[in-house]
>>> print(open('entry_36.csv').read())   # CSV, C-alpha atoms and all ligand atoms
chain,number,residue,atom,x,y,z
A,146,MET,CA,0.0,0.0,0.0
A,147,GLY,CA,1.2,3.6,-0.7
A,148,ILE,CA,1.7,6.4,1.8
A,149,GLU,CA,-1.9,7.3,1.3
A,150,MET,CA,-2.7,4.9,4.1
A,151,ASN,CA,-0.6,7.0,6.4
A,152,THR,CA,-2.3,10.2,5.4
A,153,ASP,CA,-5.4,11.9,6.8
A,154,ALA,CA,-7.4,14.4,4.7
A,155,VAL,CA,-8.7,17.6,6.3
A,156,VAL,CA,-11.1,19.7,4.3
A,157,LEU,CA,-11.6,23.3,5.4
A,158,VAL,CA,-15.3,24.1,5.0
A,159,GLY,CA,-15.9,26.7,7.7
A,160,GLY,CA,-16.0,29.9,5.7
A,161,LYS,CA,-19.1,32.0,5.2
A,162,GLY,CA,-18.9,32.1,1.4
A,163,THR,CA,-19.7,35.8,1.4
A,164,ARG,CA,-18.7,36.3,-2.3
A,165,LEU,CA,-21.4,33.8,-3.2
A,166,ARG,CA,-24.2,35.6,-1.3
A,167,PRO,CA,-27.1,35.4,-1.4
A,168,LEU,CA,-26.9,31.7,-2.2
A,169,THR,CA,-24.7,31.0,0.8
A,170,LEU,CA,-27.3,32.5,3.2
A,171,SER,CA,-29.1,29.2,3.1
A,172,ALA,CA,-26.3,26.7,2.2
A,173,PRO,CA,-22.6,26.7,3.0
A,174,LYS,CA,-20.5,27.2,-0.2
A,175,PRO,CA,-19.2,23.6,-0.4
A,176,MET,CA,-22.7,22.3,-0.4
A,177,LEU,CA,-24.0,24.3,-3.3
A,178,PRO,CA,-25.2,22.0,-6.1
A,179,THR,CA,-22.6,21.7,-8.8
A,180,ALA,CA,-23.4,19.5,-11.8
A,181,GLY,CA,-26.1,17.8,-9.8
A,182,GLN,CA,-24.1,17.1,-6.6
A,183,PRO,CA,-23.0,19.3,-3.7
A,184,PHE,CA,-19.6,20.7,-4.7
A,185,LEU,CA,-17.9,18.8,-1.8
A,186,SER,CA,-19.1,15.4,-3.2
A,187,HIS,CA,-16.8,15.9,-6.2
A,188,LEU,CA,-13.9,16.7,-3.9
A,189,LEU,CA,-14.5,13.8,-1.5
A,190,ALA,CA,-14.7,11.5,-4.5
A,191,ARG,CA,-11.3,12.6,-5.6
A,192,ILE,CA,-9.9,12.0,-2.1
A,193,ALA,CA,-11.5,8.5,-2.0
A,194,GLU,CA,-10.0,7.8,-5.5
A,195,SER,CA,-6.5,8.7,-4.2
A,196,GLY,CA,-6.6,6.0,-1.6
A,197,ILE,CA,-7.0,8.2,1.4
A,198,THR,CA,-9.8,6.9,3.6
A,199,HIS,CA,-9.9,9.1,6.7
A,200,VAL,CA,-11.3,12.6,6.2
A,201,VAL,CA,-11.9,15.3,8.8
A,202,LEU,CA,-14.2,18.1,7.9
A,203,SER,CA,-13.3,21.4,9.7
A,204,THR,CA,-16.6,23.1,10.0
A,205,SER,CA,-18.1,26.3,11.4
A,206,PHE,CA,-20.7,28.2,9.4
A,207,LYS,CA,-23.8,26.0,8.9
A,208,ALA,CA,-21.8,23.0,10.2
A,209,GLU,CA,-24.8,20.7,10.7
A,210,VAL,CA,-25.6,20.6,7.0
A,211,PHE,CA,-22.4,18.6,6.3
A,212,GLU,CA,-23.0,15.8,8.8
A,213,GLU,CA,-26.7,15.5,7.8
A,214,TYR,CA,-25.6,15.0,4.2
A,215,PHE,CA,-22.5,12.9,4.4
A,216,GLY,CA,-22.9,11.1,7.8
A,217,ASP,CA,-20.1,8.8,8.6
A,218,GLY,CA,-18.9,8.8,4.9
A,219,SER,CA,-19.3,5.0,4.4
A,220,LYS,CA,-21.4,5.5,1.3
A,221,LEU,CA,-18.4,7.2,-0.3
A,222,GLY,CA,-16.0,4.5,1.0
A,223,LEU,CA,-14.6,7.0,3.5
A,224,GLU,CA,-14.6,7.5,7.3
A,225,ILE,CA,-15.6,11.1,7.8
A,226,GLU,CA,-15.3,12.9,11.1
A,227,TYR,CA,-16.4,16.5,11.9
A,228,VAL,CA,-14.8,19.1,14.1
A,229,PHE,CA,-16.9,22.2,14.8
A,230,GLU,CA,-15.6,25.8,15.5
A,231,GLU,CA,-18.1,27.8,17.5
A,232,GLU,CA,-16.1,30.9,16.5
A,233,PRO,CA,-14.4,30.6,13.2
A,234,LEU,CA,-10.7,29.9,13.8
A,235,GLY,CA,-9.5,30.8,10.3
A,236,THR,CA,-7.7,28.5,7.9
A,237,GLY,CA,-4.7,27.8,10.2
A,238,GLY,CA,-6.8,27.6,13.3
A,239,GLY,CA,-9.1,25.2,11.6
A,240,ILE,CA,-6.2,22.9,10.8
A,241,ARG,CA,-4.8,23.1,14.3
A,242,ASN,CA,-8.2,22.4,15.8
A,243,VAL,CA,-8.5,19.0,14.2
A,244,LEU,CA,-5.2,17.8,15.5
A,245,PRO,CA,-6.7,15.4,18.1
A,246,LYS,CA,-8.4,13.5,15.2
A,247,LEU,CA,-5.3,13.0,13.1
A,248,ARG,CA,-3.7,9.6,13.0
A,249,GLY,CA,-1.1,9.5,10.2
A,250,GLU,CA,2.3,10.9,9.7
A,251,ASN,CA,1.1,13.2,6.9
A,252,VAL,CA,-2.0,15.4,6.6
A,253,MET,CA,-3.4,16.6,3.3
A,254,VAL,CA,-5.4,19.8,3.8
A,255,PHE,CA,-7.9,21.0,1.2
A,256,ASN,CA,-9.7,24.3,0.8
A,257,GLY,CA,-13.3,23.2,0.3
A,258,ASP,CA,-14.0,25.2,-2.8
A,259,VAL,CA,-11.3,24.2,-5.3
A,260,LEU,CA,-12.2,22.3,-8.5
A,261,THR,CA,-9.1,20.6,-9.9
A,262,GLY,CA,-7.8,17.3,-11.4
A,263,SER,CA,-4.4,17.5,-9.6
A,264,ASP,CA,-2.7,14.2,-8.9
A,265,LEU,CA,-2.8,13.8,-5.1
A,266,SER,CA,-0.4,10.8,-5.1
A,267,ALA,CA,2.2,12.9,-7.0
A,268,LEU,CA,1.8,15.7,-4.5
A,269,LEU,CA,2.4,13.2,-1.7
A,270,ASP,CA,5.4,11.7,-3.6
A,271,THR,CA,7.0,15.2,-3.9
A,272,HIS,CA,6.5,15.7,-0.2
A,273,THR,CA,8.2,12.5,0.7
A,274,GLU,CA,11.1,12.9,-1.8
A,275,LYS,CA,11.8,16.4,-0.6
A,276,GLU,CA,11.6,15.4,3.0
A,277,ALA,CA,9.4,18.5,3.3
A,278,ASP,CA,7.7,19.9,6.3
A,279,VAL,CA,5.0,21.2,4.1
A,280,THR,CA,4.3,20.8,0.4
A,281,LEU,CA,1.9,23.1,-1.5
A,282,HIS,CA,0.1,22.4,-4.7
A,283,LEU,CA,0.8,25.4,-6.9
A,284,VAL,CA,-0.7,26.4,-10.2
A,285,ARG,CA,-0.2,29.4,-12.6
A,286,VAL,CA,-3.1,31.8,-13.2
A,287,GLY,CA,-3.7,34.8,-15.4
A,288,ASP,CA,-4.3,37.2,-12.5
A,289,PRO,CA,-2.7,36.1,-9.2
A,290,ARG,CA,-3.9,39.1,-7.1
A,291,ALA,CA,-6.9,37.3,-5.6
A,292,TYR,CA,-4.7,34.4,-4.4
A,293,GLY,CA,-1.6,33.5,-2.5
A,294,SER,CA,1.4,34.2,-4.7
A,295,VAL,CA,4.1,31.6,-4.0
A,296,PRO,CA,7.6,31.9,-5.7
A,297,THR,CA,9.9,28.9,-5.7
A,298,ASP,CA,13.6,28.4,-6.4
A,299,ALA,CA,15.2,26.0,-8.9
A,300,GLU,CA,14.7,23.1,-6.6
A,301,GLY,CA,11.0,23.8,-6.0
A,302,ARG,CA,11.6,25.2,-2.6
A,303,VAL,CA,9.2,27.9,-1.6
A,304,THR,CA,10.9,31.3,-1.0
A,305,ALA,CA,8.0,33.5,0.0
A,306,PHE,CA,4.2,33.4,0.5
A,307,LEU,CA,2.3,36.6,-0.2
A,308,GLU,CA,-1.4,36.4,0.3
A,309,LYS,CA,-3.6,38.6,-1.9
A,310,THR,CA,-1.2,41.4,-2.7
A,311,GLN,CA,-1.6,44.1,-5.4
A,312,ASP,CA,1.8,43.4,-6.9
A,313,PRO,CA,2.5,39.7,-6.7
A,314,PRO,CA,6.0,38.6,-7.5
A,315,THR,CA,4.9,35.6,-9.6
A,316,ASP,CA,1.7,34.2,-11.3
A,317,GLN,CA,2.4,30.9,-9.5
A,318,ILE,CA,-0.2,30.7,-6.8
A,319,ASN,CA,-1.3,28.6,-3.8
A,320,ALA,CA,-3.9,26.1,-5.3
A,321,GLY,CA,-5.4,25.5,-1.9
A,322,CYS,CA,-4.1,21.9,-1.1
A,323,TYR,CA,-1.1,21.2,1.2
A,324,VAL,CA,0.6,18.2,2.7
A,325,PHE,CA,1.8,18.9,6.3
A,326,ARG,CA,4.0,16.7,8.4
A,327,ARG,CA,1.8,16.2,11.4
A,328,GLU,CA,4.4,17.7,13.8
A,329,VAL,CA,4.2,21.0,11.9
A,330,ILE,CA,0.5,21.3,12.8
A,331,GLU,CA,1.4,20.9,16.5
A,332,GLU,CA,3.4,24.2,16.2
A,333,ILE,CA,0.3,26.2,15.1
A,334,PRO,CA,-1.0,28.2,18.1
A,335,ALA,CA,-4.2,26.7,19.6
A,336,ASN,CA,-7.5,28.2,20.7
A,337,ARG,CA,-7.3,31.4,18.6
A,338,ALA,CA,-7.9,32.4,15.0
A,339,VAL,CA,-4.9,31.8,12.8
A,340,SER,CA,-4.6,32.3,9.0
A,341,VAL,CA,-2.5,29.6,7.4
A,342,GLU,CA,-1.7,31.9,4.5
A,343,ARG,CA,-0.9,35.1,6.5
A,344,GLU,CA,0.7,33.6,9.6
A,345,VAL,CA,1.6,29.9,9.4
A,346,PHE,CA,3.4,29.8,6.0
A,347,PRO,CA,5.3,33.1,6.6
A,348,ALA,CA,6.4,31.8,10.1
A,349,LEU,CA,7.6,28.5,8.6
A,350,LEU,CA,9.6,30.3,5.9
A,351,ALA,CA,11.1,32.7,8.5
A,352,ARG,CA,12.5,29.8,10.4
A,353,ASP,CA,13.8,28.1,7.2
A,354,ALA,CA,11.4,25.1,7.4
A,355,ARG,CA,11.4,22.8,4.4
A,356,VAL,CA,8.4,24.2,2.4
A,357,TYR,CA,8.2,22.9,-1.2
A,358,GLY,CA,5.9,23.4,-4.1
A,359,TYR,CA,4.4,20.8,-6.4
A,360,VAL,CA,3.5,22.6,-9.6
A,361,ASP,CA,1.2,21.2,-12.3
A,362,THR,CA,-0.9,22.4,-15.3
A,363,THR,CA,-4.0,20.4,-14.6
A,364,TYR,CA,-7.5,22.0,-14.6
A,365,TRP,CA,-7.8,24.4,-11.6
A,366,ARG,CA,-10.5,26.8,-10.4
A,367,ASP,CA,-11.5,28.3,-7.1
A,368,MET,CA,-15.3,28.2,-7.1
A,369,GLY,CA,-15.7,31.1,-4.6
A,370,THR,CA,-17.2,33.8,-6.8
A,371,PRO,CA,-20.3,33.7,-9.0
A,372,GLU,CA,-18.2,33.9,-12.2
A,373,ASP,CA,-16.0,31.1,-11.2
A,374,PHE,CA,-18.9,29.0,-9.8
A,375,VAL,CA,-20.8,29.3,-13.1
A,376,ARG,CA,-17.6,28.5,-15.2
A,377,GLY,CA,-16.6,25.6,-13.0
A,378,SER,CA,-20.1,24.1,-13.1
A,379,ALA,CA,-20.3,24.5,-16.9
A,380,ASP,CA,-16.8,23.0,-17.2
A,381,LEU,CA,-17.9,19.9,-15.2
A,382,VAL,CA,-21.0,19.5,-17.4
A,383,ARG,CA,-19.0,19.8,-20.6
A,384,GLY,CA,-16.2,17.5,-19.5
A,385,ILE,CA,-13.6,20.2,-19.4
A,386,ALA,CA,-13.2,19.9,-15.6
A,387,PRO,CA,-12.6,16.5,-14.1
A,388,SER,CA,-14.8,14.7,-11.5
A,389,PRO,CA,-14.9,11.0,-10.6
A,390,LEU,CA,-18.6,11.4,-10.2
A,391,LEU,CA,-19.3,12.4,-13.8
A,392,GLU,CA,-17.5,9.9,-16.0
A,393,GLY,CA,-19.1,9.6,-19.3
A,394,GLU,CA,-22.2,11.9,-18.7
A,395,ARG,CA,-20.9,15.0,-20.3
A,396,GLY,CA,-22.5,17.3,-22.9
A,397,GLU,CA,-23.9,20.8,-23.6
A,398,SER,CA,-26.4,20.4,-20.7
A,399,LEU,CA,-27.2,18.2,-17.8
A,400,VAL,CA,-30.9,17.9,-16.9
A,401,HIS,CA,-31.9,16.1,-13.7
A,402,PRO,CA,-34.8,13.7,-13.3
A,403,GLY,CA,-38.1,15.4,-12.8
A,404,ALA,CA,-37.2,18.6,-14.5
A,405,GLY,CA,-39.6,19.7,-17.2
A,406,ILE,CA,-38.2,21.2,-20.5
A,407,ALA,CA,-40.7,22.6,-22.9
A,408,PRO,CA,-40.3,22.1,-26.6
A,409,GLY,CA,-38.2,24.8,-28.2
A,410,ALA,CA,-36.2,25.6,-25.0
A,411,LEU,CA,-32.5,25.8,-25.8
A,412,LEU,CA,-30.0,24.5,-23.2
A,413,ILE,CA,-26.3,25.1,-24.1
A,414,GLY,CA,-22.9,26.1,-22.7
A,415,GLY,CA,-22.9,23.5,-19.9
A,416,THR,CA,-26.3,24.5,-18.4
A,417,VAL,CA,-27.5,22.4,-15.5
A,418,VAL,CA,-31.2,22.1,-14.6
A,419,GLY,CA,-31.9,20.7,-11.2
A,420,ARG,CA,-34.6,18.3,-10.0
A,421,GLY,CA,-38.2,19.6,-10.5
A,422,ALA,CA,-37.2,22.7,-12.3
A,423,GLU,CA,-39.3,23.9,-15.2
A,424,ILE,CA,-38.0,25.6,-18.4
A,425,GLY,CA,-40.6,27.2,-20.6
A,426,ALA,CA,-41.0,27.2,-24.4
A,427,GLY,CA,-38.4,29.2,-26.3
A,428,ALA,CA,-36.3,29.9,-23.2
A,429,ARG,CA,-32.6,30.1,-23.9
A,430,LEU,CA,-30.2,29.0,-21.2
A,431,ASP,CA,-26.5,29.4,-21.9
A,432,GLY,CA,-24.1,28.4,-19.1
A,433,ALA,CA,-27.0,28.6,-16.6
A,434,VAL,CA,-27.0,26.9,-13.2
A,435,VAL,CA,-30.6,26.2,-12.3
A,436,PHE,CA,-31.1,24.9,-8.8
A,437,GLU,CA,-33.9,22.5,-7.8
A,438,GLY,CA,-37.5,23.7,-8.3
A,439,ALA,CA,-36.6,27.0,-10.1
A,440,VAL,CA,-38.8,28.1,-13.0
A,441,VAL,CA,-37.8,29.9,-16.2
A,442,GLU,CA,-40.8,31.1,-18.1
A,443,ALA,CA,-41.3,31.1,-21.9
A,444,GLY,CA,-38.9,33.2,-23.9
A,445,ALA,CA,-36.6,34.2,-21.0
A,446,VAL,CA,-32.9,34.3,-21.5
A,447,VAL,CA,-30.5,33.2,-18.8
A,448,GLU,CA,-26.7,33.4,-19.4
A,449,ARG,CA,-23.8,32.6,-17.1
A,450,SER,CA,-26.1,33.0,-14.0
A,451,ILE,CA,-27.2,31.0,-11.0
A,452,LEU,CA,-30.9,30.6,-10.2
A,453,GLY,CA,-31.5,29.7,-6.5
A,454,PHE,CA,-33.8,27.1,-5.2
A,455,GLY,CA,-37.4,27.7,-6.2
A,456,SER,CA,-36.7,31.1,-7.9
A,457,ARG,CA,-38.7,32.2,-10.9
A,458,ILE,CA,-37.7,34.1,-14.0
A,459,GLY,CA,-40.7,35.6,-15.7
A,460,PRO,CA,-41.5,35.5,-19.4
A,461,ARG,CA,-38.9,37.2,-21.7
A,462,ALA,CA,-36.8,38.4,-18.8
A,463,LEU,CA,-33.0,38.6,-19.4
A,464,VAL,CA,-30.6,37.4,-16.7
A,465,ARG,CA,-26.9,37.6,-17.6
A,466,ASP,CA,-24.0,37.3,-15.2
A,467,ALA,CA,-26.4,37.5,-12.2
A,468,VAL,CA,-27.3,35.6,-9.1
A,469,ILE,CA,-30.9,35.1,-8.2
A,470,GLY,CA,-31.6,34.1,-4.6
A,471,ASP,CA,-33.8,31.2,-3.4
A,472,GLY,CA,-37.4,31.9,-4.0
A,473,ALA,CA,-36.9,35.2,-5.7
A,474,ASP,CA,-39.4,36.2,-8.4
A,475,VAL,CA,-38.1,38.1,-11.4
A,476,GLY,CA,-41.0,39.7,-13.3
A,477,ALA,CA,-41.6,39.4,-17.0
A,478,ARG,CA,-39.2,41.4,-19.2
A,479,CYS,CA,-36.9,42.4,-16.3
A,480,GLU,CA,-33.2,42.8,-17.2
A,481,LEU,CA,-30.6,41.7,-14.6
A,482,LEU,CA,-27.0,42.1,-15.8
A,483,ARG,CA,-23.4,42.2,-14.9
A,484,GLY,CA,-23.2,41.1,-11.3
A,485,ALA,CA,-26.8,41.8,-10.3
A,486,ARG,CA,-27.8,39.9,-7.2
A,487,VAL,CA,-31.4,39.4,-6.1
A,488,TRP,CA,-31.9,38.6,-2.5
A,489,PRO,CA,-34.0,35.5,-1.5
A,490,GLY,CA,-37.7,35.9,-1.7
A,491,VAL,CA,-37.6,39.4,-3.3
A,492,THR,CA,-40.3,40.0,-6.0
A,493,LEU,CA,-39.4,42.3,-8.9
A,494,PRO,CA,-42.6,43.3,-10.7
A,495,ASP,CA,-43.1,42.8,-14.5
A,496,GLY,CA,-40.8,45.2,-16.4
A,497,GLY,CA,-39.6,46.6,-13.0
A,498,VAL,CA,-35.8,46.6,-13.6
A,499,ARG,CA,-34.5,47.6,-17.0
A,500,PHE,CA,-31.1,48.5,-18.5
A,501,SER,CA,-32.6,49.6,-21.8
A,502,THR,CA,-35.4,52.0,-22.6
A,503,ASP,CA,-37.3,49.5,-24.8
A,504,VAL,CA,-40.8,48.5,-23.6
B,601,LIG,N1,-12.8,25.6,9.4
B,601,LIG,C1,-12.6,26.8,8.9
B,601,LIG,N2,-12.6,27.9,9.7
B,601,LIG,N3,-12.6,26.9,7.5
B,601,LIG,C2,-12.5,28.1,7.0
B,601,LIG,C3,-12.4,29.3,7.8
B,601,LIG,C4,-12.5,29.2,9.2
B,601,LIG,O1,-12.5,30.1,10.0
B,601,LIG,N4,-12.3,30.4,7.0
B,601,LIG,C5,-12.3,29.9,5.7
B,601,LIG,N5,-12.4,28.5,5.7
B,601,LIG,C6,-12.4,27.6,4.6
B,601,LIG,C7,-13.4,28.0,3.5
B,601,LIG,O2,-14.7,27.4,3.7
B,601,LIG,C8,-12.7,27.5,2.2
B,601,LIG,O3,-13.1,26.2,1.9
B,601,LIG,C9,-11.2,27.6,2.6
B,601,LIG,O4,-11.1,27.7,4.0
B,601,LIG,C10,-10.5,28.8,1.9
B,601,LIG,O5,-11.2,29.9,2.2
B,601,LIG,P1,-11.6,30.9,1.0
B,601,LIG,O6,-12.4,32.0,1.6
B,601,LIG,O7,-12.2,30.2,-0.1
B,601,LIG,O8,-10.2,31.5,0.6
B,601,LIG,P2,-9.7,32.3,-0.7
B,601,LIG,O9,-10.3,31.6,-1.9
B,601,LIG,O10,-10.0,33.7,-0.6
B,601,LIG,O11,-8.1,32.0,-0.7
B,601,LIG,C11,-7.6,30.8,-0.4
B,601,LIG,O12,-7.7,29.9,-1.5
B,601,LIG,C12,-6.9,30.3,-2.7
B,601,LIG,C13,-7.0,29.2,-3.7
B,601,LIG,O13,-8.3,28.9,-4.0
B,601,LIG,C14,-6.1,31.0,0.0
B,601,LIG,O14,-5.7,29.8,0.5
B,601,LIG,C15,-5.2,31.5,-1.1
B,601,LIG,O15,-3.9,31.5,-0.7
B,601,LIG,C16,-5.4,30.5,-2.3
B,601,LIG,O16,-4.6,31.0,-3.4
B,602,MG,MG,-11.7,30.1,-2.2
>>> encode(input="entry_36.csv", output="structure tokens")
Amino acid sequence: MGIEMNTDAVVLVGGKGTRLRPLTLSAPKPMLPTAGQPFLSHLLARIAESGITHVVLSTSFKAEVFEEYFGDGSKLGLEIEYVFEEEPLGTGGGIRNVLPKLRGENVMVFNGDVLTGSDLSALLDTHTEKEADVTLHLVRVGDPRAYGSVPTDAEGRVTAFLEKTQDPPTDQINAGCYVFRREVIEEIPANRAVSVEREVFPALLARDARVYGYVDTTYWRDMGTPEDFVRGSADLVRGIAPSPLLEGERGESLVHPGAGIAPGALLIGGTVVGRGAEIGAGARLDGAVVFEGAVVEAGAVVERSILGFGSRIGPRALVRDAVIGDGADVGARCELLRGARVWPGVTLPDGGVRFSTDV
């Protein structure tokens, strides 16, 4: 057996998901439906596939939802345990707080919102070969300012960690997955909030700890904003993004059982339609994420947007790059564009929001 047997997984899922509000007012970010499953299911399936069996979920915000859904993890072939933070302890504090549950020599920590196909065994191999204290999965992105910028030297050793700076030294960023030697976690201060990015990594580098990077060019996306959530969901549907849960079911759209699609409705661009949703005649959905029970009336257009549980888009409305909260009702011919967010339960009257002057 490989070193996976000696490795625990810890998934950080305690964040509030503020950038995805209002959807995250009712569900924690990792539980939002993504190509028909909670996002976290895709991540847990990857962990199971790697051979790791023991997973600790580090929870805080809406903690109960996780255990209700995943239970002891046996359905996924995993043993899942839960550690709850009454007050959020931050990413580093969350890791420190699960220490009593850890069993192995190595701990693989995951941000709970990252969609990637990275090879977890290769990451572990790098960690072992380098005899590292911590090994970080690193990827290159177009705009590194929203992430942790992580320069490395010719041997792959990390030389700095700069979280969300305006002028990052490199476009190589922290991909949100790390292997820690268990003893390194014991060094993190207990019982207070600690950021792994702003405190733990800089402190390790300051004392010359062996911190290495594992760089790859696999698919990678942080799902934490509406734009990224919509893109990642569409990429899963179209087969651009990997998930062990979606082998061989890919196409231009994914329609779940019990959804009603009227004749002449067009579903393209990786659109997902959840259970019990209804799409009217002539509606056009391009890269739309339609949660369970939402309704899109005839002739409406929905592009690159998320429609919350039980929301309704009225006839001939236009929704583009927007987020519609659970149960919201967007009246006929309304136009919601460019980052518009409608809060749950809000009703917009017919023709009540326009960007154009047409009637
Ligand atoms: N248990 C616990 N407690 N978990 C938390 C807490 C907390 O107080 N705060 C955040 N988390 C979890 C979130 O639920 C999420 O899964 C993960 O930690 C990362 O938080 P995000 O809020 O998504 O961070 P980010 O996307 O701004 O930045 C992080 O991810 C980037 C890659 O996606 C950083 O790690 C960056 O350095 C990195 O580049
Ligand atoms: Mg994130």
>>> residues_near_ligand(input="entry_36.csv", ligand="ligand LIG 601 (chain B)", cutoff="6 Å", atoms="all atoms listed in the file", output="short mmCIF file (atom, residue, chain, number, x, y, z; two decimals) with C-alpha atoms, keeping the file's coordinate frame")
data_model
loop_
_atom_site.label_atom_id
_atom_site.label_comp_id
_atom_site.auth_asym_id
_atom_site.auth_seq_id
_atom_site.Cartn_x
_atom_site.Cartn_y
_atom_site.Cartn_z
CA LEU A 157 -11.60 23.30 5.40
CA VAL A 158 -15.30 24.10 5.00
CA GLY A 159 -15.90 26.70 7.70
CA GLY A 160 -16.00 29.90 5.70
CA SER A 203 -13.30 21.40 9.70
CA THR A 204 -16.60 23.10 10.00
CA SER A 205 -18.10 26.30 11.40
CA PRO A 233 -14.40 30.60 13.20
CA LEU A 234 -10.70 29.90 13.80
CA GLY A 235 -9.50 30.80 10.30
CA THR A 236 -7.70 28.50 7.90
CA GLY A 239 -9.10 25.20 11.60
CA ASN A 256 -9.70 24.30 0.80
CA GLY A 257 -13.30 23.20 0.30
CA ASP A 258 -14.00 25.20 -2.80
CA VAL A 259 -11.30 24.20 -5.30
CA TYR A 292 -4.70 34.40 -4.40
CA GLY A 293 -1.60 33.50 -2.50
CA GLU A 308 -1.40 36.40 0.30
CA ILE A 318 -0.20 30.70 -6.80
CA ASN A 319 -1.30 28.60 -3.80
CA ALA A 320 -3.90 26.10 -5.30
CA GLY A 321 -5.40 25.50 -1.90
CA GLU A 342 -1.70 31.90 4.50
CA ASP A 367 -11.50 28.30 -7.10
CA GLY A 369 -15.70 31.10 -4.60
#
>>> closest_residue(input="entry_36.csv", among="A:Phe374, A:Phe211, A:Phe306, A:Tyr357", to="ligand MG 602 (chain B)", atoms="only C-alpha atoms and all ligand atoms")
A:Phe374
>>> closest_atom_pairs(input="entry_36.csv", of="region 331-392 of chain A", to="region 271-291 of chain A", cutoff="9 Å", atoms="all atoms listed in the file", output="CSV")
residue,atom,partner,partner_atom,distance
A:Phe346,CA,A:Val279,CA,9.0
A:Leu349,CA,A:Asp278,CA,8.9
A:Ala354,CA,A:Asp278,CA,6.5
A:Arg355,CA,A:Ala277,CA,4.9
A:Val356,CA,A:Val279,CA,4.8
A:Tyr357,CA,A:Thr280,CA,4.7
A:Gly358,CA,A:Leu281,CA,4.8
A:Tyr359,CA,A:His282,CA,4.9
A:Val360,CA,A:Leu283,CA,4.7
A:Asp361,CA,A:Val284,CA,5.9
A:Thr362,CA,A:Val284,CA,6.5
A:Thr363,CA,A:Val284,CA,8.1
A:Trp365,CA,A:Val284,CA,7.5
>>> atom_distance(input="entry_36.csv", atom1="CA of Ile469 (chain A)", atom2="CA of Ala428 (chain A)")
16.8 Å
>>> closest_residue(input="entry_36.csv", among="A:Leu223, A:Met150, A:Cys322, A:Ala473", to="ligand MG 602 (chain B)", atoms="all atoms listed in the file")
A:Cys322
>>> closest_residue(input="entry_36.csv", among="A:Arg449, A:Arg191, A:Val228, A:Cys479", to="Ala467 (chain A)", atoms="all atoms listed in the file")
A:Arg449
>>> residues_around(input="entry_36.csv", residues="Ala193 (chain A)", least_positions_apart="3", cutoff="12 Å", atoms="only C-alpha atoms", output="PDB file with C-alpha atoms, in the coordinates of the input")
ATOM      1  CA  GLU A 149      -1.900   7.300   1.300  1.00  0.00           C
ATOM      2  CA  MET A 150      -2.700   4.900   4.100  1.00  0.00           C
ATOM      3  CA  THR A 152      -2.300  10.200   5.400  1.00  0.00           C
ATOM      4  CA  ASP A 153      -5.400  11.900   6.800  1.00  0.00           C
ATOM      5  CA  ALA A 154      -7.400  14.400   4.700  1.00  0.00           C
ATOM      6  CA  SER A 186     -19.100  15.400  -3.200  1.00  0.00           C
ATOM      7  CA  HIS A 187     -16.800  15.900  -6.200  1.00  0.00           C
ATOM      8  CA  LEU A 188     -13.900  16.700  -3.900  1.00  0.00           C
ATOM      9  CA  LEU A 189     -14.500  13.800  -1.500  1.00  0.00           C
ATOM     10  CA  ALA A 190     -14.700  11.500  -4.500  1.00  0.00           C
ATOM     11  CA  GLY A 196      -6.600   6.000  -1.600  1.00  0.00           C
ATOM     12  CA  ILE A 197      -7.000   8.200   1.400  1.00  0.00           C
ATOM     13  CA  THR A 198      -9.800   6.900   3.600  1.00  0.00           C
ATOM     14  CA  HIS A 199      -9.900   9.100   6.700  1.00  0.00           C
ATOM     15  CA  VAL A 200     -11.300  12.600   6.200  1.00  0.00           C
ATOM     16  CA  GLY A 218     -18.900   8.800   4.900  1.00  0.00           C
ATOM     17  CA  SER A 219     -19.300   5.000   4.400  1.00  0.00           C
ATOM     18  CA  LYS A 220     -21.400   5.500   1.300  1.00  0.00           C
ATOM     19  CA  LEU A 221     -18.400   7.200  -0.300  1.00  0.00           C
ATOM     20  CA  GLY A 222     -16.000   4.500   1.000  1.00  0.00           C
ATOM     21  CA  LEU A 223     -14.600   7.000   3.500  1.00  0.00           C
ATOM     22  CA  GLU A 224     -14.600   7.500   7.300  1.00  0.00           C
ATOM     23  CA  ILE A 225     -15.600  11.100   7.800  1.00  0.00           C
ATOM     24  CA  LEU A 265      -2.800  13.800  -5.100  1.00  0.00           C
ATOM     25  CA  SER A 266      -0.400  10.800  -5.100  1.00  0.00           C
ATOM     26  CA  SER A 388     -14.800  14.700 -11.500  1.00  0.00           C
ATOM     27  CA  PRO A 389     -14.900  11.000 -10.600  1.00  0.00           C
ATOM     28  CA  LEU A 390     -18.600  11.400 -10.200  1.00  0.00           C
TER      29      LEU A 390
END
>>> closest_residue(input="entry_36.csv", among="A:Ala422, A:Val498, A:Leu307, A:Leu165", to="ligand MG 602 (chain B)", atoms="all atoms listed in the file")
A:Leu165
>>> residues_around(input="entry_36.csv", residues="region 437-448 of chain A", least_positions_apart="4", cutoff="6 Å", atoms="all atoms listed in the file", output="ChimeraX atom specification")
/A:419-433,454-465
>>> closest_residue(input="entry_36.csv", among="A:Leu482, A:Ile385, A:Val487, A:Gly249", to="Phe500 (chain A)", atoms="only C-alpha atoms")
A:Leu482
>>> residues_near_point(input="entry_36.csv", point="(-17.9, 22.0, -19.2)", cutoff="9 Å", atoms="all atoms listed in the file", output="PyMOL selection string")
chain A and resi 376-386+395-398+414-416+432
>>> closest_residue(input="entry_36.csv", among="A:Lys207, A:Arg326, A:Arg366, A:Arg248", to="ligand MG 602 (chain B)", atoms="all atoms listed in the file")
A:Arg366
>>> atom_distance(input="entry_36.csv", atom1="CA of Val491 (chain A)", atom2="CA of Asp474 (chain A)")
6.3 Å
